[in-house]
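Structure record follows, encoded as structure tokens.
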Amino acid sequence: MQILKCVFKSKTIKKIALCLVVLVASVSGTVRAEVSQVQHATIQLFCAMGDMLVYNTQLNGEIRNIISDFGYDTMVYENSNSKANAKYFMFRSREPDELTNRYINIIAIPGTEKMKDVEVDLRLGKVLFAGSTPAEFAEYATTKETKSTQPLVHSGFNDYTQTAFFTPDKDGTMGMDKMWDIAADKNEQLILTGHSLGGAVAVLLGSRLQCMGVSPKNLEVVTFGAPAVGNQAFVDEYGSKLKYTRYIMSGDPVKAMLQMLKSGYVQFGEEIKCKRNENSHRFSHSMSEYLDYSIRNYLDVLKQEGIAYHDYVEPAGEAKDITLKSKPVKGRLYIAPAV
């Protein structure tokens with residue numbers, strides 16, 4: 001993270017990221033291919049930082065500083081009842097993007113964090129996914145008799161989504177009210193992201209918002225290590241409408257957990273496979289593994305496209321090789337240049 005912090009000190013990279021993080025499918029197709037690659041890597045990195053921030057780790061301070069340096073404010077929202085303990089973070093740009101003139105809003109939803117979340121994960125039954133209003137969503141989910149030809153989704157994930165975003169609070173407002181105002185405004189861009197359980201909820205929330213009339217141009221979903229949320233009928237009816245990018249780590253068992261435990265669950269969206277850090281001993285499902293990959297991928301893309309990620313000027317004279325006396329570990333080491 002210190003390397004990333006040094007990299008982000010660069011004026012060049014700060015300008016690139018601020019301009020490209022919001023270049024989504026609605027932007028003109030004349031955008032160069034290399035810009036698109038940087039765009040995807042930047043969006044992935046921002047979402048990974050947001051999804052890492054929602055967990056209580058030692059990296060929180062550093063990530064908050066980086067997000068703030070990029071011109072984003074952080075807000076925390078929470079809503080809970082007997083079915084779920086729901087919390088999400090919103091990162092909003094202080095100024096509109098220079099290229100699209102739209103404000104950027106990234107909603108990061110936590111994954112499995114508490115025992116109540118585990119209970120949500122293990123609620124394997126399916127409920128009917130239908131309706132176009134919060135009241136209809138809840139009503140259809142209570143349907144007793146359903147068929148496999150109908151759109152069905154994981155009951156636990158659906159309960160979590162309903163609780164967090166479609167249940168009125170004491171003052172009568174719902175968690176999705178703020179998102180609806182954002183997603184319905186042509187001057188705003190909304191990106192939903194989450195890891196594990198949070199990713200599953202982000203998919204269902206995105207689908208719900210579209211059922212309520214949000215334009216696909218204003219909405220995008222990015223997940224890390226997320227399990228499937230519904231059956232083939234759900235994918236057929238709603239999958240093609242949602243712009244969804246799904247990052248999965250090699251060796252991560254959660255991405256296919258529901259297919260193994262309960263038949264009928266199907267993944268969808270654009271799948272991007274992440275190469276695990278060979279020097280890491282962490283569980284491959286860990287969000288820190290996905291953040292590590294996102295940092296490495298971001299730096300690799302910049303190097304591949306010939307974009308300098310620092311303001312360091314190479315001094316005149318011959319370069320000196322550094323020889324390691326002992327056998328180096330397998331993999332690569334990223335070093336931020338001293339300034």
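By convention here, the chains of the structure tokens are called A, B, ... in the order presented, each chain's residues are numbered starting at 1, and ligands are numbered starting at 1 in the order presented.
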With a cut-off of 7 Å, could you pull out the residues of range 126-196 of chain A touching range 206-216 of chain A and give me the nearest pair of atoms for each, distance in Å to one decimal, using only C-alpha atoms, ordered by chain and ascending number, as a Markdown table?
| residue | atom | partner | partner_atom | distance |
| --- | --- | --- | --- | --- |
| A:Ser132 | CA | A:Met212 | CA | 4.9 |
| A:Thr133 | CA | A:Met212 | CA | 6.2 |
| A:Ala183 | CA | A:Val214 | CA | 6.2 |
| A:Ala184 | CA | A:Val214 | CA | 5.9 |
Using only C-alpha atoms, which residues of range 180-294 of chain A come within 12 Å of range 56-67 of chain A, and what is the closest atom pair for each, with the distance in Å to one decimal? Give it as a Markdown table, sorted by chain and residue number.
| residue | atom | partner | partner_atom | distance |
| --- | --- | --- | --- | --- |
| A:Met287 | CA | A:Thr57 | CA | 10.8 |
| A:Ser288 | CA | A:Leu59 | CA | 9.6 |
| A:Leu291 | CA | A:Leu59 | CA | 11.0 |
**Prompt:** Hey, what does DSSP flag as alpha helix (DSSP H) within range 81-300 of chain A? Can you give it to me as a PyMOL selection string?
**Reply:** chain A and resi 115-121+134-141+155-166+175-183+197-211+232-238+257-261+287-300
**Message:** Using DSSP assignments from the backbone, pull out every residue in range 35-254 of chain A that falls under strand (DSSP E or B) and give it to me as an MDAnalysis selection string.
**Reply:** chainID A and resid 72:80 85:93 103:109 126:128 152:154 188:195 219:224 230 244:249
**Fill in**
Taken to one decimal, the CA of Pro151 in chain A-CA of Gly239 in chain A distance is 10.8 Å
**Complete:** Here CA of Leu197 in chain A and CA of Val254 in chain A stand apart by 9.5 Å
Leaving out Arg92 in chain A and any residue of its chain fewer than 6 positions from it, which residues lie within 8 Å of it when counting only C-alpha atoms, given as a PDB file with all heavy atoms, in the first residue's frame?
ATOM      1  N   TYR A  72     -12.414  12.297  -3.385  1.00  0.00           N
ATOM      2  CA  TYR A  72     -13.653  11.619  -3.024  1.00  0.00           C
ATOM      3  C   TYR A  72     -13.944  11.770  -1.535  1.00  0.00           C
ATOM      4  O   TYR A  72     -13.045  11.676  -0.706  1.00  0.00           O
ATOM      5  CB  TYR A  72     -13.569  10.121  -3.363  1.00  0.00           C
ATOM      6  CG  TYR A  72     -13.728   9.810  -4.827  1.00  0.00           C
ATOM      7  CD1 TYR A  72     -12.685  10.049  -5.716  1.00  0.00           C
ATOM      8  CD2 TYR A  72     -14.912   9.293  -5.327  1.00  0.00           C
ATOM      9  CE1 TYR A  72     -12.819   9.779  -7.072  1.00  0.00           C
ATOM     10  CE2 TYR A  72     -15.058   9.017  -6.680  1.00  0.00           C
ATOM     11  CZ  TYR A  72     -14.006   9.260  -7.546  1.00  0.00           C
ATOM     12  OH  TYR A  72     -14.153   9.005  -8.891  1.00  0.00           O
ATOM     13  N   ASP A  73     -15.212  12.001  -1.202  1.00  0.00           N
ATOM     14  CA  ASP A  73     -15.663  12.014   0.188  1.00  0.00           C
ATOM     15  C   ASP A  73     -16.239  10.648   0.531  1.00  0.00           C
ATOM     16  O   ASP A  73     -16.849   9.985  -0.317  1.00  0.00           O
ATOM     17  CB  ASP A  73     -16.733  13.090   0.398  1.00  0.00           C
ATOM     18  CG  ASP A  73     -16.164  14.495   0.283  1.00  0.00           C
ATOM     19  OD1 ASP A  73     -15.008  14.700   0.709  1.00  0.00           O
ATOM     20  OD2 ASP A  73     -16.865  15.384  -0.246  1.00  0.00           O
ATOM     21  N   THR A  74     -16.061  10.205   1.780  1.00  0.00           N
ATOM     22  CA  THR A  74     -16.539   8.900   2.230  1.00  0.00           C
ATOM     23  C   THR A  74     -17.695   9.063   3.205  1.00  0.00           C
ATOM     24  O   THR A  74     -17.605   9.841   4.158  1.00  0.00           O
ATOM     25  CB  THR A  74     -15.412   8.112   2.914  1.00  0.00           C
ATOM     26  OG1 THR A  74     -14.314   7.966   2.017  1.00  0.00           O
ATOM     27  CG2 THR A  74     -15.892   6.730   3.333  1.00  0.00           C
ATOM     28  N   TYR A 103     -20.724  13.341 -11.895  1.00  0.00           N
ATOM     29  CA  TYR A 103     -20.189  12.987 -10.584  1.00  0.00           C
ATOM     30  C   TYR A 103     -20.118  11.461 -10.463  1.00  0.00           C
ATOM     31  O   TYR A 103     -20.990  10.749 -10.971  1.00  0.00           O
ATOM     32  CB  TYR A 103     -21.072  13.539  -9.470  1.00  0.00           C
ATOM     33  CG  TYR A 103     -20.968  15.035  -9.301  1.00  0.00           C
ATOM     34  CD1 TYR A 103     -21.836  15.883  -9.973  1.00  0.00           C
ATOM     35  CD2 TYR A 103     -20.005  15.601  -8.467  1.00  0.00           C
ATOM     36  CE1 TYR A 103     -21.756  17.263  -9.834  1.00  0.00           C
ATOM     37  CE2 TYR A 103     -19.906  16.977  -8.316  1.00  0.00           C
ATOM     38  CZ  TYR A 103     -20.780  17.806  -9.001  1.00  0.00           C
ATOM     39  OH  TYR A 103     -20.686  19.163  -8.863  1.00  0.00           O
ATOM     40  N   ILE A 104     -19.108  10.975  -9.775  1.00  0.00           N
ATOM     41  CA  ILE A 104     -18.913   9.540  -9.619  1.00  0.00           C
ATOM     42  C   ILE A 104     -19.307   9.125  -8.215  1.00  0.00           C
ATOM     43  O   ILE A 104     -18.911   9.740  -7.226  1.00  0.00           O
ATOM     44  CB  ILE A 104     -17.443   9.144  -9.854  1.00  0.00           C
ATOM     45  CG1 ILE A 104     -16.913   9.808 -11.127  1.00  0.00           C
ATOM     46  CG2 ILE A 104     -17.319   7.620  -9.940  1.00  0.00           C
ATOM     47  CD1 ILE A 104     -17.791   9.600 -12.329  1.00  0.00           C
ATOM     48  N   ASN A 105     -20.101   8.058  -8.118  1.00  0.00           N
ATOM     49  CA  ASN A 105     -20.544   7.529  -6.838  1.00  0.00           C
ATOM     50  C   ASN A 105     -20.275   6.028  -6.803  1.00  0.00           C
ATOM     51  O   ASN A 105     -20.812   5.282  -7.623  1.00  0.00           O
ATOM     52  CB  ASN A 105     -22.036   7.773  -6.651  1.00  0.00           C
ATOM     53  CG  ASN A 105     -22.405   9.240  -6.768  1.00  0.00           C
ATOM     54  OD1 ASN A 105     -22.384   9.977  -5.793  1.00  0.00           O
ATOM     55  ND2 ASN A 105     -22.735   9.686  -7.980  1.00  0.00           N
ATOM     56  N   ILE A 106     -19.419   5.591  -5.885  1.00  0.00           N
ATOM     57  CA  ILE A 106     -19.100   4.176  -5.746  1.00  0.00           C
ATOM     58  C   ILE A 106     -19.692   3.680  -4.430  1.00  0.00           C
ATOM     59  O   ILE A 106     -19.375   4.195  -3.356  1.00  0.00           O
ATOM     60  CB  ILE A 106     -17.578   3.942  -5.764  1.00  0.00           C
ATOM     61  CG1 ILE A 106     -16.978   4.440  -7.082  1.00  0.00           C
ATOM     62  CG2 ILE A 106     -17.258   2.458  -5.556  1.00  0.00           C
ATOM     63  CD1 ILE A 106     -15.469   4.338  -7.150  1.00  0.00           C
TER      64      ILE A 106
END
